[in-house]
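Taking it in order: structure first as structure tokens, then the write-up.
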Amino acid sequence: MKKKRGYYSISAVADIFSVHQQTIRLYEKEGLIRPKRSEGNTRLFSEEDIEKLEQIIYLTHELGINLAGVEMVLQLQKKIKKLQKELNKVFDAAQEQLSEESNRAKIKAKSSAQKLLQLRQQGERLQIDAQKLQNQDETIFTTDTDNEWHLDYEE
């Protein structure tokens, strides 16, 4: 369910921030805020407008920044957000690429491990076969006490 959005009149916003309505009109004239207008041309301030106004009032009243400086700060913040989004896209793409490369490396390592295991098993079989052959040779060829070789036939 969508949250119903409320709007505030200029008098309500002025009361919230304890500033004169003319101050808010000046911020609008300077282009720092752009409230919506009703059919009767009444200013309607959204939650986002109020958050922006809060920031403007903090910069002007608390930090003593003039309106030109506030405009620059707001523009820089906008650029920073844009750059942050672009940077996040780059990081996401790099993370995805790294993940894909990692998965490929895991598959290749698993395949190599299986090949090594097969080679090891083949080597063990060859070793067993060689041992069998050696044992057969020992039973076929025997020596007698005269150091002569005799061939024994198995029946």
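Letters for chains follow the order of the structure tokens (A, B, ...), residue numbers begin at 1 for each chain, and ligand numbers begin at 1 in the order shown.
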
Tell me, which residues of range 18-151 of chain A carry DSSP alpha helix (DSSP H), written as a PDB file with N, CA and C atoms, in the first residue's frame?
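states.pdb, freshly written:
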ATOM      1  N   GLN A  21       7.790  33.866   6.610  1.00  0.00           N
ATOM      2  CA  GLN A  21       7.337  33.336   5.318  1.00  0.00           C
ATOM      3  C   GLN A  21       8.109  33.977   4.159  1.00  0.00           C
ATOM      4  N   GLN A  22       8.475  35.248   4.355  1.00  0.00           N
ATOM      5  CA  GLN A  22       9.225  35.958   3.323  1.00  0.00           C
ATOM      6  C   GLN A  22      10.581  35.297   3.087  1.00  0.00           C
ATOM      7  N   THR A  23      11.180  34.732   4.137  1.00  0.00           N
ATOM      8  CA  THR A  23      12.468  34.031   4.005  1.00  0.00           C
ATOM      9  C   THR A  23      12.295  32.819   3.098  1.00  0.00           C
ATOM     10  N   ILE A  24      11.228  32.099   3.290  1.00  0.00           N
ATOM     11  CA  ILE A  24      10.961  30.912   2.467  1.00  0.00           C
ATOM     12  C   ILE A  24      10.694  31.328   1.022  1.00  0.00           C
ATOM     13  N   ARG A  25       9.976  32.421   0.832  1.00  0.00           N
ATOM     14  CA  ARG A  25       9.720  32.926  -0.524  1.00  0.00           C
ATOM     15  C   ARG A  25      11.029  33.322  -1.208  1.00  0.00           C
ATOM     16  N   LEU A  26      11.964  33.907  -0.424  1.00  0.00           N
ATOM     17  CA  LEU A  26      13.269  34.289  -0.966  1.00  0.00           C
ATOM     18  C   LEU A  26      14.036  33.050  -1.436  1.00  0.00           C
ATOM     19  N   TYR A  27      14.009  31.987  -0.632  1.00  0.00           N
ATOM     20  CA  TYR A  27      14.688  30.739  -1.013  1.00  0.00           C
ATOM     21  C   TYR A  27      14.092  30.181  -2.312  1.00  0.00           C
ATOM     22  N   GLU A  28      12.779  30.337  -2.445  1.00  0.00           N
ATOM     23  CA  GLU A  28      12.134  29.878  -3.686  1.00  0.00           C
ATOM     24  C   GLU A  28      12.554  30.765  -4.856  1.00  0.00           C
ATOM     25  N   LYS A  29      12.568  32.090  -4.634  1.00  0.00           N
ATOM     26  CA  LYS A  29      12.956  33.046  -5.686  1.00  0.00           C
ATOM     27  C   LYS A  29      14.378  32.773  -6.170  1.00  0.00           C
ATOM     28  N   GLU A  47       7.483  16.573   1.963  1.00  0.00           N
ATOM     29  CA  GLU A  47       8.492  16.157   2.953  1.00  0.00           C
ATOM     30  C   GLU A  47       9.900  16.436   2.431  1.00  0.00           C
ATOM     31  N   GLU A  48      10.113  16.174   1.131  1.00  0.00           N
ATOM     32  CA  GLU A  48      11.436  16.431   0.539  1.00  0.00           C
ATOM     33  C   GLU A  48      11.762  17.923   0.566  1.00  0.00           C
ATOM     34  N   ASP A  49      10.748  18.758   0.282  1.00  0.00           N
ATOM     35  CA  ASP A  49      10.948  20.215   0.331  1.00  0.00           C
ATOM     36  C   ASP A  49      11.325  20.654   1.749  1.00  0.00           C
ATOM     37  N   ILE A  50      10.669  20.074   2.717  1.00  0.00           N
ATOM     38  CA  ILE A  50      10.935  20.429   4.118  1.00  0.00           C
ATOM     39  C   ILE A  50      12.346  19.996   4.515  1.00  0.00           C
ATOM     40  N   GLU A  51      12.768  18.801   4.070  1.00  0.00           N
ATOM     41  CA  GLU A  51      14.141  18.352   4.361  1.00  0.00           C
ATOM     42  C   GLU A  51      15.158  19.285   3.726  1.00  0.00           C
ATOM     43  N   LYS A  52      14.892  19.727   2.494  1.00  0.00           N
ATOM     44  CA  LYS A  52      15.805  20.646   1.812  1.00  0.00           C
ATOM     45  C   LYS A  52      15.830  22.004   2.511  1.00  0.00           C
ATOM     46  N   LEU A  53      14.658  22.461   2.918  1.00  0.00           N
ATOM     47  CA  LEU A  53      14.582  23.729   3.654  1.00  0.00           C
ATOM     48  C   LEU A  53      15.368  23.645   4.967  1.00  0.00           C
ATOM     49  N   GLU A  54      15.235  22.520   5.634  1.00  0.00           N
ATOM     50  CA  GLU A  54      15.974  22.332   6.884  1.00  0.00           C
ATOM     51  C   GLU A  54      17.473  22.469   6.637  1.00  0.00           C
ATOM     52  N   GLN A  55      17.935  21.881   5.552  1.00  0.00           N
ATOM     53  CA  GLN A  55      19.348  21.967   5.214  1.00  0.00           C
ATOM     54  C   GLN A  55      19.741  23.403   4.870  1.00  0.00           C
ATOM     55  N   ILE A  56      18.921  24.071   4.103  1.00  0.00           N
ATOM     56  CA  ILE A  56      19.201  25.465   3.730  1.00  0.00           C
ATOM     57  C   ILE A  56      19.261  26.343   4.974  1.00  0.00           C
ATOM     58  N   ILE A  57      18.306  26.191   5.843  1.00  0.00           N
ATOM     59  CA  ILE A  57      18.273  27.000   7.072  1.00  0.00           C
ATOM     60  C   ILE A  57      19.485  26.695   7.950  1.00  0.00           C
ATOM     61  N   LEU A  67      23.483  32.780   0.378  1.00  0.00           N
ATOM     62  CA  LEU A  67      22.640  32.001  -0.530  1.00  0.00           C
ATOM     63  C   LEU A  67      23.410  31.469  -1.743  1.00  0.00           C
ATOM     64  N   ALA A  68      24.391  32.246  -2.227  1.00  0.00           N
ATOM     65  CA  ALA A  68      25.214  31.759  -3.345  1.00  0.00           C
ATOM     66  C   ALA A  68      26.021  30.536  -2.907  1.00  0.00           C
ATOM     67  N   GLY A  69      26.537  30.586  -1.683  1.00  0.00           N
ATOM     68  CA  GLY A  69      27.277  29.446  -1.136  1.00  0.00           C
ATOM     69  C   GLY A  69      26.374  28.234  -0.929  1.00  0.00           C
ATOM     70  N   VAL A  70      25.153  28.495  -0.460  1.00  0.00           N
ATOM     71  CA  VAL A  70      24.188  27.405  -0.266  1.00  0.00           C
ATOM     72  C   VAL A  70      23.885  26.743  -1.607  1.00  0.00           C
ATOM     73  N   GLU A  71      23.705  27.563  -2.624  1.00  0.00           N
ATOM     74  CA  GLU A  71      23.431  27.014  -3.961  1.00  0.00           C
ATOM     75  C   GLU A  71      24.588  26.122  -4.416  1.00  0.00           C
ATOM     76  N   MET A  72      25.806  26.567  -4.187  1.00  0.00           N
ATOM     77  CA  MET A  72      26.975  25.757  -4.558  1.00  0.00           C
ATOM     78  C   MET A  72      27.028  24.457  -3.765  1.00  0.00           C
ATOM     79  N   VAL A  73      26.749  24.542  -2.475  1.00  0.00           N
ATOM     80  CA  VAL A  73      26.753  23.341  -1.634  1.00  0.00           C
ATOM     81  C   VAL A  73      25.720  22.337  -2.146  1.00  0.00           C
ATOM     82  N   LEU A  74      24.530  22.828  -2.469  1.00  0.00           N
ATOM     83  CA  LEU A  74      23.465  21.942  -2.961  1.00  0.00           C
ATOM     84  C   LEU A  74      23.838  21.325  -4.316  1.00  0.00           C
ATOM     85  N   GLN A  75      24.448  22.115  -5.192  1.00  0.00           N
ATOM     86  CA  GLN A  75      24.887  21.599  -6.488  1.00  0.00           C
ATOM     87  C   GLN A  75      25.978  20.541  -6.306  1.00  0.00           C
ATOM     88  N   LEU A  76      26.915  20.818  -5.399  1.00  0.00           N
ATOM     89  CA  LEU A  76      27.988  19.849  -5.141  1.00  0.00           C
ATOM     90  C   LEU A  76      27.425  18.546  -4.550  1.00  0.00           C
ATOM     91  N   GLN A  77      26.453  18.671  -3.672  1.00  0.00           N
ATOM     92  CA  GLN A  77      25.827  17.478  -3.100  1.00  0.00           C
ATOM     93  C   GLN A  77      25.155  16.640  -4.188  1.00  0.00           C
ATOM     94  N   LYS A  78      24.516  17.338  -5.119  1.00  0.00           N
ATOM     95  CA  LYS A  78      23.852  16.655  -6.230  1.00  0.00           C
ATOM     96  C   LYS A  78      24.893  15.918  -7.088  1.00  0.00           C
ATOM     97  N   LYS A  79      26.004  16.581  -7.379  1.00  0.00           N
ATOM     98  CA  LYS A  79      27.077  15.954  -8.162  1.00  0.00           C
ATOM     99  C   LYS A  79      27.670  14.763  -7.416  1.00  0.00           C
ATOM    100  N   ILE A  80      27.853  14.916  -6.114  1.00  0.00           N
ATOM    101  CA  ILE A  80      28.404  13.824  -5.305  1.00  0.00           C
ATOM    102  C   ILE A  80      27.483  12.610  -5.349  1.00  0.00           C
ATOM    103  N   LYS A  81      26.176  12.836  -5.241  1.00  0.00           N
ATOM    104  CA  LYS A  81      25.215  11.726  -5.314  1.00  0.00           C
ATOM    105  C   LYS A  81      25.296  11.032  -6.666  1.00  0.00           C
ATOM    106  N   LYS A  82      25.401  11.835  -7.731  1.00  0.00           N
ATOM    107  CA  LYS A  82      25.498  11.271  -9.084  1.00  0.00           C
ATOM    108  C   LYS A  82      26.774  10.441  -9.226  1.00  0.00           C
ATOM    109  N   LEU A  83      27.890  10.995  -8.762  1.00  0.00           N
ATOM    110  CA  LEU A  83      29.160  10.271  -8.827  1.00  0.00           C
ATOM    111  C   LEU A  83      29.127   9.002  -7.975  1.00  0.00           C
ATOM    112  N   GLN A  84      28.459   9.089  -6.824  1.00  0.00           N
ATOM    113  CA  GLN A  84      28.344   7.924  -5.947  1.00  0.00           C
ATOM    114  C   GLN A  84      27.569   6.805  -6.641  1.00  0.00           C
ATOM    115  N   LYS A  85      26.496   7.174  -7.353  1.00  0.00           N
ATOM    116  CA  LYS A  85      25.724   6.177  -8.098  1.00  0.00           C
ATOM    117  C   LYS A  85      26.584   5.529  -9.172  1.00  0.00           C
ATOM    118  N   GLU A  86      27.337   6.356  -9.911  1.00  0.00           N
ATOM    119  CA  GLU A  86      28.211   5.834 -10.961  1.00  0.00           C
ATOM    120  C   GLU A  86      29.281   4.917 -10.366  1.00  0.00           C
ATOM    121  N   LEU A  87      29.845   5.344  -9.252  1.00  0.00           N
ATOM    122  CA  LEU A  87      30.869   4.538  -8.586  1.00  0.00           C
ATOM    123  C   LEU A  87      30.288   3.213  -8.097  1.00  0.00           C
ATOM    124  N   ASN A  88      29.079   3.258  -7.566  1.00  0.00           N
ATOM    125  CA  ASN A  88      28.422   2.031  -7.117  1.00  0.00           C
ATOM    126  C   ASN A  88      28.198   1.072  -8.283  1.00  0.00           C
ATOM    127  N   LYS A  89      27.832   1.617  -9.452  1.00  0.00           N
ATOM    128  CA  LYS A  89      27.657   0.775 -10.640  1.00  0.00           C
ATOM    129  C   LYS A  89      28.975   0.101 -11.018  1.00  0.00           C
ATOM    130  N   VAL A  90      30.055   0.877 -10.972  1.00  0.00           N
ATOM    131  CA  VAL A  90      31.374   0.325 -11.307  1.00  0.00           C
ATOM    132  C   VAL A  90      31.749  -0.773 -10.306  1.00  0.00           C
ATOM    133  N   PHE A  91      31.527  -0.512  -9.015  1.00  0.00           N
ATOM    134  CA  PHE A  91      31.830  -1.510  -7.997  1.00  0.00           C
ATOM    135  C   PHE A  91      30.983  -2.767  -8.173  1.00  0.00           C
ATOM    136  N   ASP A  92      29.707  -2.581  -8.482  1.00  0.00           N
ATOM    137  CA  ASP A  92      28.822  -3.727  -8.694  1.00  0.00           C
ATOM    138  C   ASP A  92      29.293  -4.561  -9.887  1.00  0.00           C
ATOM    139  N   ALA A  93      29.660  -3.883 -10.974  1.00  0.00           N
ATOM    140  CA  ALA A  93      30.149  -4.595 -12.162  1.00  0.00           C
ATOM    141  C   ALA A  93      31.455  -5.336 -11.845  1.00  0.00           C
ATOM    142  N   ALA A  94      32.343  -4.681 -11.115  1.00  0.00           N
ATOM    143  CA  ALA A  94      33.611  -5.322 -10.736  1.00  0.00           C
ATOM    144  C   ALA A  94      33.360  -6.523  -9.825  1.00  0.00           C
ATOM    145  N   GLN A  95      32.424  -6.378  -8.903  1.00  0.00           N
ATOM    146  CA  GLN A  95      32.091  -7.480  -7.993  1.00  0.00           C
ATOM    147  C   GLN A  95      31.515  -8.658  -8.765  1.00  0.00           C
ATOM    148  N   GLU A  96      30.656  -8.366  -9.726  1.00  0.00           N
ATOM    149  CA  GLU A  96      30.059  -9.427 -10.543  1.00  0.00           C
ATOM    150  C   GLU A  96      31.129 -10.143 -11.359  1.00  0.00           C
ATOM    151  N   GLN A  97      32.028  -9.365 -11.956  1.00  0.00           N
ATOM    152  CA  GLN A  97      33.112  -9.945 -12.751  1.00  0.00           C
ATOM    153  C   GLN A  97      34.028 -10.793 -11.868  1.00  0.00           C
ATOM    154  N   LEU A  98      34.343 -10.303 -10.690  1.00  0.00           N
ATOM    155  CA  LEU A  98      35.186 -11.042  -9.760  1.00  0.00           C
ATOM    156  C   LEU A  98      34.519 -12.344  -9.336  1.00  0.00           C
ATOM    157  N   SER A  99      33.239 -12.286  -9.108  1.00  0.00           N
ATOM    158  CA  SER A  99      32.485 -13.475  -8.724  1.00  0.00           C
ATOM    159  C   SER A  99      32.498 -14.514  -9.847  1.00  0.00           C
ATOM    160  N   GLU A 100      32.291 -14.042 -11.084  1.00  0.00           N
ATOM    161  CA  GLU A 100      32.315 -14.954 -12.236  1.00  0.00           C
ATOM    162  C   GLU A 100      33.689 -15.588 -12.396  1.00  0.00           C
ATOM    163  N   GLU A 101      34.746 -14.787 -12.277  1.00  0.00           N
ATOM    164  CA  GLU A 101      36.102 -15.313 -12.393  1.00  0.00           C
ATOM    165  C   GLU A 101      36.402 -16.301 -11.276  1.00  0.00           C
ATOM    166  N   SER A 102      35.921 -16.015 -10.089  1.00  0.00           N
ATOM    167  CA  SER A 102      36.116 -16.916  -8.957  1.00  0.00           C
ATOM    168  C   SER A 102      35.427 -18.256  -9.213  1.00  0.00           C
ATOM    169  N   ASN A 103      34.203 -18.188  -9.737  1.00  0.00           N
ATOM    170  CA  ASN A 103      33.476 -19.424 -10.045  1.00  0.00           C
ATOM    171  C   ASN A 103      34.196 -20.227 -11.124  1.00  0.00           C
ATOM    172  N   ARG A 104      34.705 -19.548 -12.149  1.00  0.00           N
ATOM    173  CA  ARG A 104      35.457 -20.251 -13.201  1.00  0.00           C
ATOM    174  C   ARG A 104      36.714 -20.896 -12.619  1.00  0.00           C
ATOM    175  N   ALA A 105      37.399 -20.185 -11.742  1.00  0.00           N
ATOM    176  CA  ALA A 105      38.617 -20.726 -11.124  1.00  0.00           C
ATOM    177  C   ALA A 105      38.291 -21.941 -10.258  1.00  0.00           C
ATOM    178  N   LYS A 106      37.171 -21.901  -9.540  1.00  0.00           N
ATOM    179  CA  LYS A 106      36.767 -23.035  -8.718  1.00  0.00           C
ATOM    180  C   LYS A 106      36.480 -24.258  -9.580  1.00  0.00           C
ATOM    181  N   ILE A 107      35.771 -24.031 -10.692  1.00  0.00           N
ATOM    182  CA  ILE A 107      35.458 -25.133 -11.602  1.00  0.00           C
ATOM    183  C   ILE A 107      36.739 -25.722 -12.183  1.00  0.00           C
ATOM    184  N   LYS A 108      37.654 -24.861 -12.586  1.00  0.00           N
ATOM    185  CA  LYS A 108      38.922 -25.326 -13.154  1.00  0.00           C
ATOM    186  C   LYS A 108      39.739 -26.082 -12.103  1.00  0.00           C
ATOM    187  N   ALA A 109      39.755 -25.579 -10.878  1.00  0.00           N
ATOM    188  CA  ALA A 109      40.494 -26.257  -9.805  1.00  0.00           C
ATOM    189  C   ALA A 109      39.883 -27.624  -9.512  1.00  0.00           C
ATOM    190  N   LYS A 110      38.570 -27.698  -9.507  1.00  0.00           N
ATOM    191  CA  LYS A 110      37.889 -28.975  -9.260  1.00  0.00           C
ATOM    192  C   LYS A 110      38.213 -29.970 -10.372  1.00  0.00           C
ATOM    193  N   SER A 111      38.180 -29.489 -11.614  1.00  0.00           N
ATOM    194  CA  SER A 111      38.505 -30.343 -12.760  1.00  0.00           C
ATOM    195  C   SER A 111      39.950 -30.841 -12.674  1.00  0.00           C
ATOM    196  N   SER A 112      40.862 -29.940 -12.318  1.00  0.00           N
ATOM    197  CA  SER A 112      42.278 -30.320 -12.189  1.00  0.00           C
ATOM    198  C   SER A 112      42.467 -31.330 -11.061  1.00  0.00           C
ATOM    199  N   ALA A 113      41.750 -31.136  -9.963  1.00  0.00           N
ATOM    200  CA  ALA A 113      41.852 -32.067  -8.839  1.00  0.00           C
ATOM    201  C   ALA A 113      41.339 -33.440  -9.251  1.00  0.00           C
ATOM    202  N   GLN A 114      40.258 -33.492 -10.032  1.00  0.00           N
ATOM    203  CA  GLN A 114      39.732 -34.771 -10.494  1.00  0.00           C
ATOM    204  C   GLN A 114      40.725 -35.463 -11.419  1.00  0.00           C
ATOM    205  N   LYS A 115      41.360 -34.709 -12.317  1.00  0.00           N
ATOM    206  CA  LYS A 115      42.375 -35.279 -13.211  1.00  0.00           C
ATOM    207  C   LYS A 115      43.557 -35.824 -12.411  1.00  0.00           C
ATOM    208  N   LEU A 116      43.991 -35.064 -11.411  1.00  0.00           N
ATOM    209  CA  LEU A 116      45.095 -35.536 -10.568  1.00  0.00           C
ATOM    210  C   LEU A 116      44.721 -36.813  -9.836  1.00  0.00           C
ATOM    211  N   LEU A 117      43.500 -36.893  -9.345  1.00  0.00           N
ATOM    212  CA  LEU A 117      43.034 -38.085  -8.661  1.00  0.00           C
ATOM    213  C   LEU A 117      43.022 -39.277  -9.609  1.00  0.00           C
ATOM    214  N   GLN A 118      42.565 -39.045 -10.840  1.00  0.00           N
ATOM    215  CA  GLN A 118      42.556 -40.122 -11.830  1.00  0.00           C
ATOM    216  C   GLN A 118      43.976 -40.592 -12.129  1.00  0.00           C
ATOM    217  N   LEU A 119      44.886 -39.632 -12.309  1.00  0.00           N
ATOM    218  CA  LEU A 119      46.285 -39.992 -12.570  1.00  0.00           C
ATOM    219  C   LEU A 119      46.886 -40.758 -11.393  1.00  0.00           C
ATOM    220  N   ARG A 120      46.544 -40.338 -10.214  1.00  0.00           N
ATOM    221  CA  ARG A 120      47.043 -41.013  -9.015  1.00  0.00           C
ATOM    222  C   ARG A 120      46.519 -42.451  -8.959  1.00  0.00           C
ATOM    223  N   GLN A 121      45.227 -42.612  -9.257  1.00  0.00           N
ATOM    224  CA  GLN A 121      44.639 -43.956  -9.259  1.00  0.00           C
ATOM    225  C   GLN A 121      45.262 -44.818 -10.345  1.00  0.00           C
ATOM    226  N   GLN A 122      45.516 -44.224 -11.528  1.00  0.00           N
ATOM    227  CA  GLN A 122      46.179 -44.971 -12.596  1.00  0.00           C
ATOM    228  C   GLN A 122      47.589 -45.374 -12.166  1.00  0.00           C
ATOM    229  N   GLY A 123      48.267 -44.446 -11.517  1.00  0.00           N
ATOM    230  CA  GLY A 123      49.623 -44.749 -11.030  1.00  0.00           C
ATOM    231  C   GLY A 123      49.609 -45.878 -10.010  1.00  0.00           C
ATOM    232  N   GLU A 124      48.623 -45.856  -9.122  1.00  0.00           N
ATOM    233  CA  GLU A 124      48.513 -46.921  -8.125  1.00  0.00           C
ATOM    234  C   GLU A 124      48.212 -48.252  -8.803  1.00  0.00           C
ATOM    235  N   ARG A 125      47.345 -48.244  -9.831  1.00  0.00           N
ATOM    236  CA  ARG A 125      47.040 -49.476 -10.565  1.00  0.00           C
ATOM    237  C   ARG A 125      48.281 -49.997 -11.271  1.00  0.00           C
ATOM    238  N   LEU A 126      49.036 -49.081 -11.893  1.00  0.00           N
ATOM    239  CA  LEU A 126      50.272 -49.490 -12.572  1.00  0.00           C
ATOM    240  C   LEU A 126      51.272 -50.068 -11.575  1.00  0.00           C
ATOM    241  N   GLN A 127      51.337 -49.467 -10.401  1.00  0.00           N
ATOM    242  CA  GLN A 127      52.241 -49.959  -9.364  1.00  0.00           C
ATOM    243  C   GLN A 127      51.827 -51.359  -8.916  1.00  0.00           C
ATOM    244  N   ILE A 128      50.517 -51.555  -8.759  1.00  0.00           N
ATOM    245  CA  ILE A 128      50.006 -52.878  -8.370  1.00  0.00           C
ATOM    246  C   ILE A 128      50.297 -53.886  -9.469  1.00  0.00           C
ATOM    247  N   ASP A 129      50.050 -53.490 -10.744  1.00  0.00           N
ATOM    248  CA  ASP A 129      50.333 -54.386 -11.867  1.00  0.00           C
ATOM    249  C   ASP A 129      51.816 -54.714 -11.931  1.00  0.00           C
ATOM    250  N   ALA A 130      52.660 -53.728 -11.703  1.00  0.00           N
ATOM    251  CA  ALA A 130      54.113 -53.967 -11.714  1.00  0.00           C
ATOM    252  C   ALA A 130      54.493 -54.918 -10.586  1.00  0.00           C
ATOM    253  N   GLN A 131      53.883 -54.774  -9.436  1.00  0.00           N
ATOM    254  CA  GLN A 131      54.157 -55.661  -8.305  1.00  0.00           C
ATOM    255  C   GLN A 131      53.727 -57.088  -8.640  1.00  0.00           C
ATOM    256  N   LYS A 132      52.560 -57.225  -9.294  1.00  0.00           N
ATOM    257  CA  LYS A 132      52.085 -58.542  -9.696  1.00  0.00           C
ATOM    258  C   LYS A 132      53.056 -59.196 -10.669  1.00  0.00           C
ATOM    259  N   LEU A 133      53.505 -58.386 -11.643  1.00  0.00           N
ATOM    260  CA  LEU A 133      54.469 -58.921 -12.615  1.00  0.00           C
ATOM    261  C   LEU A 133      55.752 -59.343 -11.922  1.00  0.00           C
ATOM    262  N   GLN A 134      56.186 -58.536 -10.994  1.00  0.00           N
ATOM    263  CA  GLN A 134      57.407 -58.865 -10.270  1.00  0.00           C
ATOM    264  C   GLN A 134      57.208 -60.159  -9.483  1.00  0.00           C
ATOM    265  N   ASN A 135      56.064 -60.307  -8.846  1.00  0.00           N
ATOM    266  CA  ASN A 135      55.774 -61.529  -8.102  1.00  0.00           C
ATOM    267  C   ASN A 135      55.706 -62.735  -9.026  1.00  0.00           C
ATOM    268  N   GLN A 136      55.116 -62.565 -10.239  1.00  0.00           N
ATOM    269  CA  GLN A 136      55.065 -63.660 -11.197  1.00  0.00           C
ATOM    270  C   GLN A 136      56.460 -64.046 -11.634  1.00  0.00           C
ATOM    271  N   ASP A 137      57.311 -63.038 -11.893  1.00  0.00           N
ATOM    272  CA  ASP A 137      58.687 -63.317 -12.301  1.00  0.00           C
ATOM    273  C   ASP A 137      59.406 -64.118 -11.225  1.00  0.00           C
ATOM    274  N   GLU A 138      59.148 -63.781  -9.984  1.00  0.00           N
ATOM    275  CA  GLU A 138      59.829 -64.486  -8.894  1.00  0.00           C
ATOM    276  C   GLU A 138      59.375 -65.939  -8.809  1.00  0.00           C
ATOM    277  N   THR A 139      58.127 -66.207  -9.142  1.00  0.00           N
ATOM    278  CA  THR A 139      57.658 -67.588  -9.067  1.00  0.00           C
ATOM    279  C   THR A 139      58.067 -68.393 -10.294  1.00  0.00           C
ATOM    280  N   ILE A 140      58.239 -67.725 -11.433  1.00  0.00           N
ATOM    281  CA  ILE A 140      58.624 -68.456 -12.642  1.00  0.00           C
ATOM    282  C   ILE A 140      60.108 -68.784 -12.644  1.00  0.00           C
TER     283      ILE A 140
END

Determine which residues of range 33-151 of chain A DSSP labels as strand (DSSP E or B) from the backbone of this structure, then write them out as a PyMOL selection string. chain A and resi 36-37+43-45+141-143+149-151

Ranking A:Tyr58, A:Leu44, A:Phe17, A:Ser38 by minimum distance to Arg5 in chain A and counting only C-alpha atoms, which one comes first?
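Using only C-alpha atoms, the shortest distance to Arg5 in chain A belongs to A:Leu44.
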
CA of Tyr8 in chain A to CA of Ser46 in chain A measures 6.5 Å

Can you measure CA of Ile33 in chain A to CA of Leu63 in chain A for me? One decimal in Å is fine.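 Distance reported for this atom pair: 18.9 Å.
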
Taken to one decimal, the CA of Thr42 in chain A-CA of Ile10 in chain A distance is 8.4 Å
